[in-house]
Amino acid sequence: MILHGYFRSSAAWRVRIALNLKGIAVEHRSHHLRHGEQRAPAYLALNPQGLVPALELDDGTVLTQSLAIIEWLDETYREPQLLPADPLERARVRAFAQIIACDTHPVQNLKVLNRLRELGHAGDEVLAWAAAVNIDGLSVCERLASRTAGPFCFGATPGLADLCLVPQLGNARRFKVDVAQFPRLLAAEAAALALPAFRDAVPERQADAE
């Protein structure tokens, strides 16, 4: 398998963690987002949306969208499970993950921030927007995670919520958010980063890091 990604992409980061937790070895192929490599014709033939990540399977099948990729991995490689067996708990974990992956991350990513600059917003306004988006999403996640004892977002083992949380906290720090206001999330992050699967997925450990 080949994971098409970029070291700083939080969506690709989520998938790297999932692959590590499952013990799945893949080839990593980088597409530099700031250089526009995700819009090259060869990559668009692979993923017409022009986004990372994309997971290219050995038979040539291509999966896109990080949550879809992670759920496919969880259904295909059963251990360790990243979603609870109970349908109600599974729905709660998915909701937490989607707050980050669908409502928070997309409106503070590079494409949106560049569009704001194109519309004439000053650099400090753009960064303030990104910080505010992170605070809004993480504040909700803090309340949701505070309903469980941990140490991870939803109990004693890491799962989909943690895969989404750790990269998003990384984004928040890049935009100068004071993450100390999220103690429950920081506790879950610390538990996650104590595991090699999470530590080895951080951007600084990727071969394509700037």
# chains A, B, ... in the order shown; residues from 1 in each chain; ligands from 1
>>> select_by_dssp(residues="chain A", states="strand (DSSP E)", output="list in words")
Ile2, Leu3, His4, Gly5, Glu27, His28, Arg29, Ser30, Ala54, Leu55, Glu56, Val62, Leu63 and Thr64 of chain A
>>> write_last_selection(atoms="N, CA and C atoms", output="PDB file, in the first residue's frame")
ATOM      1  N   ILE A   2       0.315   2.315  -0.549  1.00  0.00           N
ATOM      2  CA  ILE A   2       0.990   3.607  -0.589  1.00  0.00           C
ATOM      3  C   ILE A   2       0.080   4.639   0.068  1.00  0.00           C
ATOM      4  N   LEU A   3       0.605   5.364   1.037  1.00  0.00           N
ATOM      5  CA  LEU A   3      -0.137   6.478   1.623  1.00  0.00           C
ATOM      6  C   LEU A   3       0.376   7.761   1.000  1.00  0.00           C
ATOM      7  N   HIS A   4      -0.472   8.412   0.251  1.00  0.00           N
ATOM      8  CA  HIS A   4      -0.153   9.712  -0.324  1.00  0.00           C
ATOM      9  C   HIS A   4      -0.542  10.774   0.701  1.00  0.00           C
ATOM     10  N   GLY A   5       0.415  11.587   1.124  1.00  0.00           N
ATOM     11  CA  GLY A   5       0.118  12.556   2.165  1.00  0.00           C
ATOM     12  C   GLY A   5       1.092  13.718   2.140  1.00  0.00           C
ATOM     13  N   GLU A  27       4.196   2.339   2.028  1.00  0.00           N
ATOM     14  CA  GLU A  27       5.114   3.314   1.426  1.00  0.00           C
ATOM     15  C   GLU A  27       4.492   4.692   1.585  1.00  0.00           C
ATOM     16  N   HIS A  28       5.276   5.647   2.035  1.00  0.00           N
ATOM     17  CA  HIS A  28       4.791   7.017   2.183  1.00  0.00           C
ATOM     18  C   HIS A  28       5.261   7.843   0.995  1.00  0.00           C
ATOM     19  N   ARG A  29       4.309   8.499   0.350  1.00  0.00           N
ATOM     20  CA  ARG A  29       4.628   9.326  -0.810  1.00  0.00           C
ATOM     21  C   ARG A  29       4.106  10.731  -0.553  1.00  0.00           C
ATOM     22  N   SER A  30       5.004  11.702  -0.563  1.00  0.00           N
ATOM     23  CA  SER A  30       4.665  13.067  -0.177  1.00  0.00           C
ATOM     24  C   SER A  30       4.237  13.913  -1.368  1.00  0.00           C
ATOM     25  N   ALA A  54      -4.564  10.039   0.421  1.00  0.00           N
ATOM     26  CA  ALA A  54      -5.175   8.993  -0.397  1.00  0.00           C
ATOM     27  C   ALA A  54      -4.401   7.720  -0.109  1.00  0.00           C
ATOM     28  N   LEU A  55      -5.118   6.637   0.067  1.00  0.00           N
ATOM     29  CA  LEU A  55      -4.479   5.349   0.330  1.00  0.00           C
ATOM     30  C   LEU A  55      -4.648   4.477  -0.908  1.00  0.00           C
ATOM     31  N   GLU A  56      -3.524   4.157  -1.530  1.00  0.00           N
ATOM     32  CA  GLU A  56      -3.527   3.343  -2.746  1.00  0.00           C
ATOM     33  C   GLU A  56      -3.248   1.891  -2.354  1.00  0.00           C
ATOM     34  N   VAL A  62      -8.047   3.046  -4.894  1.00  0.00           N
ATOM     35  CA  VAL A  62      -7.650   4.245  -4.157  1.00  0.00           C
ATOM     36  C   VAL A  62      -8.781   4.655  -3.222  1.00  0.00           C
ATOM     37  N   LEU A  63      -8.450   4.811  -1.956  1.00  0.00           N
ATOM     38  CA  LEU A  63      -9.393   5.299  -0.955  1.00  0.00           C
ATOM     39  C   LEU A  63      -9.021   6.729  -0.589  1.00  0.00           C
ATOM     40  N   THR A  64     -10.017   7.591  -0.420  1.00  0.00           N
ATOM     41  CA  THR A  64      -9.780   8.978  -0.051  1.00  0.00           C
ATOM     42  C   THR A  64     -10.619   9.329   1.175  1.00  0.00           C
TER      43      THR A  64
END
>>> select_by_dssp(residues="segment 4-174 of chain A", states="alpha helix (DSSP H)", output="PyMOL selection string")
chain A and resi 10-22+41-46+66-76+87-98+110-118+123-145+160-174
>>> closest_residue(among="A:Asp103, A:Asp136, A:Asp74, A:Asp162", to="Val177 of chain A", atoms="only C-alpha atoms")
A:Asp136
>>> closest_residue(among="A:Leu127, A:Ala40, A:Ala145, A:Leu169", to="Thr104 of chain A", atoms="only C-alpha atoms")
A:Leu169
>>> closest_atom_pairs(of="segment 47-125 of chain A", to="segment 6-14 of chain A", cutoff="10 Å", atoms="only C-alpha atoms", output="tab-separated table")
residue	atom	partner	partner_atom	distance
A:Leu51	CA	A:Ala11	CA	9.5
A:Val52	CA	A:Ala12	CA	6.3
A:Pro53	CA	A:Ala12	CA	4.9
A:Ala54	CA	A:Ala12	CA	8.2
A:Leu55	CA	A:Ala12	CA	9.7
A:Gln65	CA	A:Ala11	CA	7.9
A:Ser66	CA	A:Ala11	CA	5.6
A:Leu67	CA	A:Ala11	CA	8.4
A:Ile69	CA	A:Arg14	CA	9.7
A:Ile70	CA	A:Arg14	CA	8.1
A:Ala101	CA	A:Ala11	CA	7.6
A:His105	CA	A:Ser10	CA	8.0
A:Pro106	CA	A:Ala11	CA	9.6
A:Asn109	CA	A:Ser9	CA	8.7
A:Leu110	CA	A:Ser9	CA	9.3
>>> atom_distance(atom1="atom CA of Phe152 of chain A", atom2="atom CA of Tyr77 of chain A")
21.3 Å
>>> residues_around(residues="Val179 of chain A", least_positions_apart="5", cutoff="12 Å", atoms="only C-alpha atoms", output="PyMOL selection string")
chain A and resi 131+134-136+138-139+142+166+168-174+184-187+189
